[in-house]
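Asker: Below you will find the structure I want to go over with you.
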Amino acid sequence: MHILQVLAPTMLLIAMGAGLAWIKFLGKPFIGQLNKLAFWIALPALIFRAAAHAGTPSLQTLLLIGVITAATILTAILTWGIARGARVAAPARSTFIASAYFGNLAYIGIPILAHSLGRIALGDAPELLASSVIIMTAMIVINNALSVGIFQGGKFDPVVLARHVLVNPLVISGCLGILFGTSGLPVPHVFDQVLRTLGATAVPLALLCIGGSLEMTPLRGHIPWIAGVSAIKVFAMPILAWGISRAIGLDPADTRVVLIFAACPTAVVAYTMASQMNGDEALAAGTIAVSTVASFASLAVVLAIT
């Protein structure tokens, strides 16, 4: 029952977004504007406030970043080997690899963690969830850097990296929040209340956008590749993360954070990168759709074992 209570709000909001898009109540232009509001305003407000209230990142937070990074790198190596064995065409190989580890941490991971801790709006900025925001910010930077290198064949173009990282409002708000929290300065009360109100809209807006985008995403391209990448993302990566967590003796609460982030479906930015860097757009779009649906099974397992 607890697992259903955690996942049901997320599933229902995604289903509502898909249903509203299907009946044309939410059109593609409006979904785009709604996504822009969530990405540039609501989520940054939530992330900044949580990070600002978190204070100085603890050594445990840095350890969790290391665990997720290790799982990410292992997943990338595993997927590279599978792509070679399956003879995935060169233009699609980078998309195949990146889609297997680049998780939707902001739109899926944070809402699931928020629901699982009973604080959807981060009203009191619980320590564990606030630390999760810091972890998410770090992983967005790491995932973007790794993906840029993969799409460029192992080369890192600082200009391309800056375009994907330094102008990302989730990264900017997270870094500013961490700096503010580390400084020890209190967030002015009025500003804090505005951020709290805006942040409370982030979860429902983000999930409605995910649902609306799924309904509009055609499932085309190489179906076996889409199924394979989706399985790696939502099943193999969490298993790798679980193995690392067990090996270093993480407690159940920290393991839950690691596994929820690892089990998140492929992020929408994988499609953006594929379209901008000569990847396989159909593979990325299909993986986003399939992995989002499949992730509810993996997230249910994660919640059950942690």
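By convention here, the chains of the structure tokens are called A, B, ... in the order presented, each chain's residues are numbered starting at 1, and ligands are numbered starting at 1 in the order presented.
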Would you kindly return, as a ChimeraX atom specification, each protein, DNA or RNA residue with an atom no farther than 7 Å from any atom of Tyr107 of chain A, considering only C-alpha atoms and excluding same-chain residues fewer than 3 positions away?
Answerer: /A:104,110-111,206-207
Asker: Can you list, as a list in words, every residue of segment 126-158 of chain A that DSSP puts in helix (DSSP H, G or I)?
Answerer: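 Taking segment 126-158 of chain A and keeping helix (DSSP H, G or I) only, one gets Glu127, Leu128, Leu129, Ala130, Ser131, Ser132, Val133, Ile134, Ile135, Met136, Thr137, Ala138, Met139, Ile140, Val141, Ile142, Asn143, Asn144, Ala145, Leu146, Ser147, Val148, Gly149, Ile150, Phe151 and Pro158 of chain A.
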Asker: So, with only C-alpha atoms as the atoms that count, which of A:Ile108, A:Cys175, A:Ile305, A:Leu43 lies closest to Val268 of chain A?
Answerer: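 The shortest atom-to-atom distance to Val268 of chain A comes from A:Ile108.
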Asker: Excluding Val258 of chain A and residues on its chain fewer than 5 positions from it, collect all residues at most 8 Å away from it, counting only C-alpha atoms, and give them as number ranges by chain.
Answerer: A: 64, 67-68, 241-242, 245
Asker: Give one line per residue of segment 181-265 of chain A that approaches segment 82-92 of chain A to at most 12 Å, naming the two atoms of the closest pair and their distance in Å to one decimal, counting only C-alpha atoms; sort by chain then ascending residue number and deliver it as JSON lines.
Answerer:
{"residue": "A:Gly221", "atom": "CA", "partner": "A:Ala92", "partner_atom": "CA", "distance": 10.6}
{"residue": "A:His222", "atom": "CA", "partner": "A:Val88", "partner_atom": "CA", "distance": 10.0}
{"residue": "A:Pro224", "atom": "CA", "partner": "A:Ala86", "partner_atom": "CA", "distance": 10.2}
{"residue": "A:Trp225", "atom": "CA", "partner": "A:Val88", "partner_atom": "CA", "distance": 8.2}
{"residue": "A:Ile226", "atom": "CA", "partner": "A:Ala92", "partner_atom": "CA", "distance": 11.1}
{"residue": "A:Gly228", "atom": "CA", "partner": "A:Ile82", "partner_atom": "CA", "distance": 9.3}
{"residue": "A:Val229", "atom": "CA", "partner": "A:Ala83", "partner_atom": "CA", "distance": 9.6}
{"residue": "A:Ile232", "atom": "CA", "partner": "A:Ile82", "partner_atom": "CA", "distance": 10.1}
Asker: Taking 3 positions as the minimum chain separation for residues in the same chain, which residues sit within 12 Å of Val148 of chain A when counting only C-alpha atoms? Answer as a PyMOL selection string.
Answerer: chain A and resi 94-95+97-98+102+141-145+151-165+269-270+272-274+276-279
Asker: Save the residues we just selected, N, CA and C atoms, as an mmCIF file, in the first residue's frame?
Answerer:
data_model
loop_
_atom_site.group_PDB
_atom_site.id
_atom_site.type_symbol
_atom_site.label_atom_id
_atom_site.label_comp_id
_atom_site.auth_asym_id
_atom_site.auth_seq_id
_atom_site.Cartn_x
_atom_site.Cartn_y
_atom_site.Cartn_z
ATOM 1 N N SER A 94 26.014 6.706 -30.136
ATOM 2 C CA SER A 94 26.123 7.686 -29.052
ATOM 3 C C SER A 94 24.777 7.879 -28.355
ATOM 4 N N THR A 95 23.693 7.914 -29.126
ATOM 5 C CA THR A 95 22.353 8.037 -28.546
ATOM 6 C C THR A 95 22.013 6.792 -27.735
ATOM 7 N N ILE A 97 24.054 4.833 -26.115
ATOM 8 C CA ILE A 97 24.801 4.833 -24.852
ATOM 9 C C ILE A 97 24.262 5.892 -23.897
ATOM 10 N N ALA A 98 24.109 7.121 -24.386
ATOM 11 C CA ALA A 98 23.675 8.215 -23.507
ATOM 12 C C ALA A 98 22.274 7.986 -22.944
ATOM 13 N N PHE A 102 21.408 8.557 -18.815
ATOM 14 C CA PHE A 102 21.019 9.950 -18.546
ATOM 15 C C PHE A 102 19.589 9.964 -18.016
ATOM 16 N N VAL A 141 25.314 18.001 -14.173
ATOM 17 C CA VAL A 141 26.586 18.462 -14.744
ATOM 18 C C VAL A 141 27.394 17.273 -15.257
ATOM 19 N N ILE A 142 27.515 16.224 -14.436
ATOM 20 C CA ILE A 142 28.315 15.047 -14.813
ATOM 21 C C ILE A 142 27.715 14.350 -16.033
ATOM 22 N N ASN A 143 26.392 14.160 -16.041
ATOM 23 C CA ASN A 143 25.740 13.486 -17.174
ATOM 24 C C ASN A 143 25.898 14.275 -18.461
ATOM 25 N N ASN A 144 25.745 15.599 -18.361
ATOM 26 C CA ASN A 144 25.912 16.429 -19.554
ATOM 27 C C ASN A 144 27.337 16.354 -20.081
ATOM 28 N N ALA A 145 28.314 16.444 -19.176
ATOM 29 C CA ALA A 145 29.721 16.399 -19.599
ATOM 30 C C ALA A 145 30.047 15.069 -20.258
ATOM 31 N N PHE A 151 28.940 11.977 -27.552
ATOM 32 C CA PHE A 151 28.420 12.423 -28.846
ATOM 33 C C PHE A 151 29.527 12.981 -29.736
ATOM 34 N N GLN A 152 30.608 13.455 -29.128
ATOM 35 C CA GLN A 152 31.708 14.008 -29.913
ATOM 36 C C GLN A 152 32.837 12.992 -30.107
ATOM 37 N N GLY A 153 32.539 11.734 -29.853
ATOM 38 C CA GLY A 153 33.520 10.685 -30.081
ATOM 39 C C GLY A 153 34.701 10.715 -29.135
ATOM 40 N N GLY A 154 34.463 11.091 -27.878
ATOM 41 C CA GLY A 154 35.533 11.115 -26.884
ATOM 42 C C GLY A 154 36.206 12.464 -26.727
ATOM 43 N N LYS A 155 35.794 13.433 -27.529
ATOM 44 C CA LYS A 155 36.368 14.778 -27.431
ATOM 45 C C LYS A 155 35.429 15.682 -26.643
ATOM 46 N N PHE A 156 36.002 16.602 -25.881
ATOM 47 C CA PHE A 156 35.195 17.522 -25.094
ATOM 48 C C PHE A 156 35.367 18.939 -25.627
ATOM 49 N N ASP A 157 34.328 19.434 -26.280
ATOM 50 C CA ASP A 157 34.324 20.812 -26.766
ATOM 51 C C ASP A 157 33.756 21.687 -25.657
ATOM 52 N N PRO A 158 34.561 22.577 -25.070
ATOM 53 C CA PRO A 158 34.078 23.393 -23.953
ATOM 54 C C PRO A 158 32.889 24.280 -24.316
ATOM 55 N N VAL A 159 32.821 24.698 -25.570
ATOM 56 C CA VAL A 159 31.712 25.559 -25.993
ATOM 57 C C VAL A 159 30.401 24.769 -25.972
ATOM 58 N N VAL A 160 30.438 23.556 -26.521
ATOM 59 C CA VAL A 160 29.254 22.705 -26.526
ATOM 60 C C VAL A 160 28.868 22.325 -25.105
ATOM 61 N N LEU A 161 29.866 21.999 -24.285
ATOM 62 C CA LEU A 161 29.595 21.643 -22.890
ATOM 63 C C LEU A 161 28.946 22.806 -22.150
ATOM 64 N N ALA A 162 29.460 24.009 -22.371
ATOM 65 C CA ALA A 162 28.902 25.188 -21.705
ATOM 66 C C ALA A 162 27.462 25.425 -22.121
ATOM 67 N N ARG A 163 27.158 25.157 -23.406
ATOM 68 C CA ARG A 163 25.799 25.359 -23.890
ATOM 69 C C ARG A 163 24.821 24.416 -23.200
ATOM 70 N N HIS A 164 25.266 23.216 -22.847
ATOM 71 C CA HIS A 164 24.385 22.236 -22.232
ATOM 72 C C HIS A 164 24.379 22.309 -20.701
ATOM 73 N N VAL A 165 25.412 22.912 -20.105
ATOM 74 C CA VAL A 165 25.520 22.912 -18.652
ATOM 75 C C VAL A 165 25.350 24.303 -18.051
ATOM 76 N N VAL A 269 16.392 15.487 -22.239
ATOM 77 C CA VAL A 269 17.567 16.136 -22.826
ATOM 78 C C VAL A 269 18.329 15.185 -23.746
ATOM 79 N N ALA A 270 18.125 13.874 -23.596
ATOM 80 C CA ALA A 270 18.778 12.924 -24.506
ATOM 81 C C ALA A 270 18.299 13.151 -25.943
ATOM 82 N N THR A 272 17.175 16.083 -27.059
ATOM 83 C CA THR A 272 17.740 17.371 -27.461
ATOM 84 C C THR A 272 19.160 17.200 -27.960
ATOM 85 N N MET A 273 19.954 16.426 -27.227
ATOM 86 C CA MET A 273 21.339 16.197 -27.646
ATOM 87 C C MET A 273 21.401 15.443 -28.962
ATOM 88 N N ALA A 274 20.539 14.439 -29.109
ATOM 89 C CA ALA A 274 20.528 13.657 -30.348
ATOM 90 C C ALA A 274 20.206 14.538 -31.547
ATOM 91 N N GLN A 276 20.673 17.817 -31.780
ATOM 92 C CA GLN A 276 21.656 18.870 -31.985
ATOM 93 C C GLN A 276 23.031 18.347 -32.369
ATOM 94 N N MET A 277 23.292 17.059 -32.092
ATOM 95 C CA MET A 277 24.641 16.532 -32.275
ATOM 96 C C MET A 277 24.649 15.303 -33.198
ATOM 97 N N ASN A 278 23.714 15.287 -34.156
ATOM 98 C CA ASN A 278 23.685 14.263 -35.204
ATOM 99 C C ASN A 278 23.542 12.845 -34.661
ATOM 100 N N GLY A 279 22.703 12.696 -33.632
ATOM 101 C CA GLY A 279 22.414 11.379 -33.099
ATOM 102 C C GLY A 279 21.156 10.809 -33.731
#
Asker: Hey, what's within 7 Å of segment 18-22 of chain A if we count only C-alpha atoms and toss same-chain stuff fewer than 3 positions away? As a PDB file with N, CA and C atoms, in the first residue's frame, please?
Answerer:
ATOM      1  N   ILE A  14       0.993  12.069 -14.563  1.00  0.00           N
ATOM      2  CA  ILE A  14       1.499  11.793 -15.912  1.00  0.00           C
ATOM      3  C   ILE A  14       0.366  11.335 -16.818  1.00  0.00           C
ATOM      4  N   ALA A  15      -0.490  10.439 -16.292  1.00  0.00           N
ATOM      5  CA  ALA A  15      -1.637   9.963 -17.075  1.00  0.00           C
ATOM      6  C   ALA A  15      -2.590  11.115 -17.397  1.00  0.00           C
ATOM      7  N   PHE A  25      -7.096  18.977 -25.136  1.00  0.00           N
ATOM      8  CA  PHE A  25      -7.289  20.054 -24.165  1.00  0.00           C
ATOM      9  C   PHE A  25      -5.980  20.817 -23.974  1.00  0.00           C
ATOM     10  N   LEU A  26      -4.870  20.066 -23.998  1.00  0.00           N
ATOM     11  CA  LEU A  26      -3.543  20.662 -23.976  1.00  0.00           C
ATOM     12  C   LEU A  26      -2.905  20.420 -25.340  1.00  0.00           C
ATOM     13  N   GLY A  27      -2.723  21.480 -26.098  1.00  0.00           N
ATOM     14  CA  GLY A  27      -2.095  21.346 -27.404  1.00  0.00           C
ATOM     15  C   GLY A  27      -0.584  21.376 -27.292  1.00  0.00           C
ATOM     16  N   GLY A 211       3.622  13.716 -19.156  1.00  0.00           N
ATOM     17  CA  GLY A 211       2.493  12.994 -19.723  1.00  0.00           C
ATOM     18  C   GLY A 211       2.092  13.519 -21.087  1.00  0.00           C
ATOM     19  N   GLY A 212       2.002  14.849 -21.206  1.00  0.00           N
ATOM     20  CA  GLY A 212       1.638  15.443 -22.488  1.00  0.00           C
ATOM     21  C   GLY A 212       2.654  15.139 -23.568  1.00  0.00           C
ATOM     22  N   LEU A 214       4.648  12.495 -23.678  1.00  0.00           N
ATOM     23  CA  LEU A 214       4.579  11.079 -24.031  1.00  0.00           C
ATOM     24  C   LEU A 214       3.488  10.816 -25.058  1.00  0.00           C
ATOM     25  N   GLU A 215       2.328  11.460 -24.878  1.00  0.00           N
ATOM     26  CA  GLU A 215       1.209  11.237 -25.797  1.00  0.00           C
ATOM     27  C   GLU A 215       1.566  11.707 -27.201  1.00  0.00           C
TER      28      GLU A 215
END
Asker: Using only C-alpha atoms, determine which residues lie at most 8 Å from segment 186-188 of chain A, disregarding the query and same-chain residues fewer than 4 positions distant; provide the list as a list in words.
Answerer: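 Result of the neighbour search: Ala52, Gly181 and Asp192 of chain A.
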Asker: For Ala253 of chain A, please output as an MDAnalysis selection string all residues within 12 Å (counting only C-alpha atoms; exclusion window: fewer than 2 positions along the same chain).
Answerer: chainID A and resid 60 64 113 116:117 127:129 131:132 245 249:251 255:260 302:303 305:306
Asker: Could you jot down the atom CA of Gly55 of chain A to atom CA of Tyr101 of chain A separation for me, Å, one decimal place?
Answerer: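 Going from atom CA of Gly55 of chain A over to atom CA of Tyr101 of chain A, I get 28.6 Å.
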Asker: One decimal, in Å: what's the spacing between atom CA of Val290 of chain A and atom CA of Ile31 of chain A?
Answerer: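 Spanning atom CA of Val290 of chain A to atom CA of Ile31 of chain A is a straight-line distance of 19.7 Å.
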Asker: Quick one: distance from atom CA of Ala304 of chain A to atom CA of Ile112 of chain A in Å, one decimal?
Answerer: 13.4 Å
Asker: Measuring between only C-alpha atoms, which one of A:Asn168, A:Gln5, A:Ser213, A:Ser230 shows the shortest distance to Val293 of chain A?
Answerer: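 Of the candidates, the smallest distance to Val293 of chain A is held by A:Ser230.
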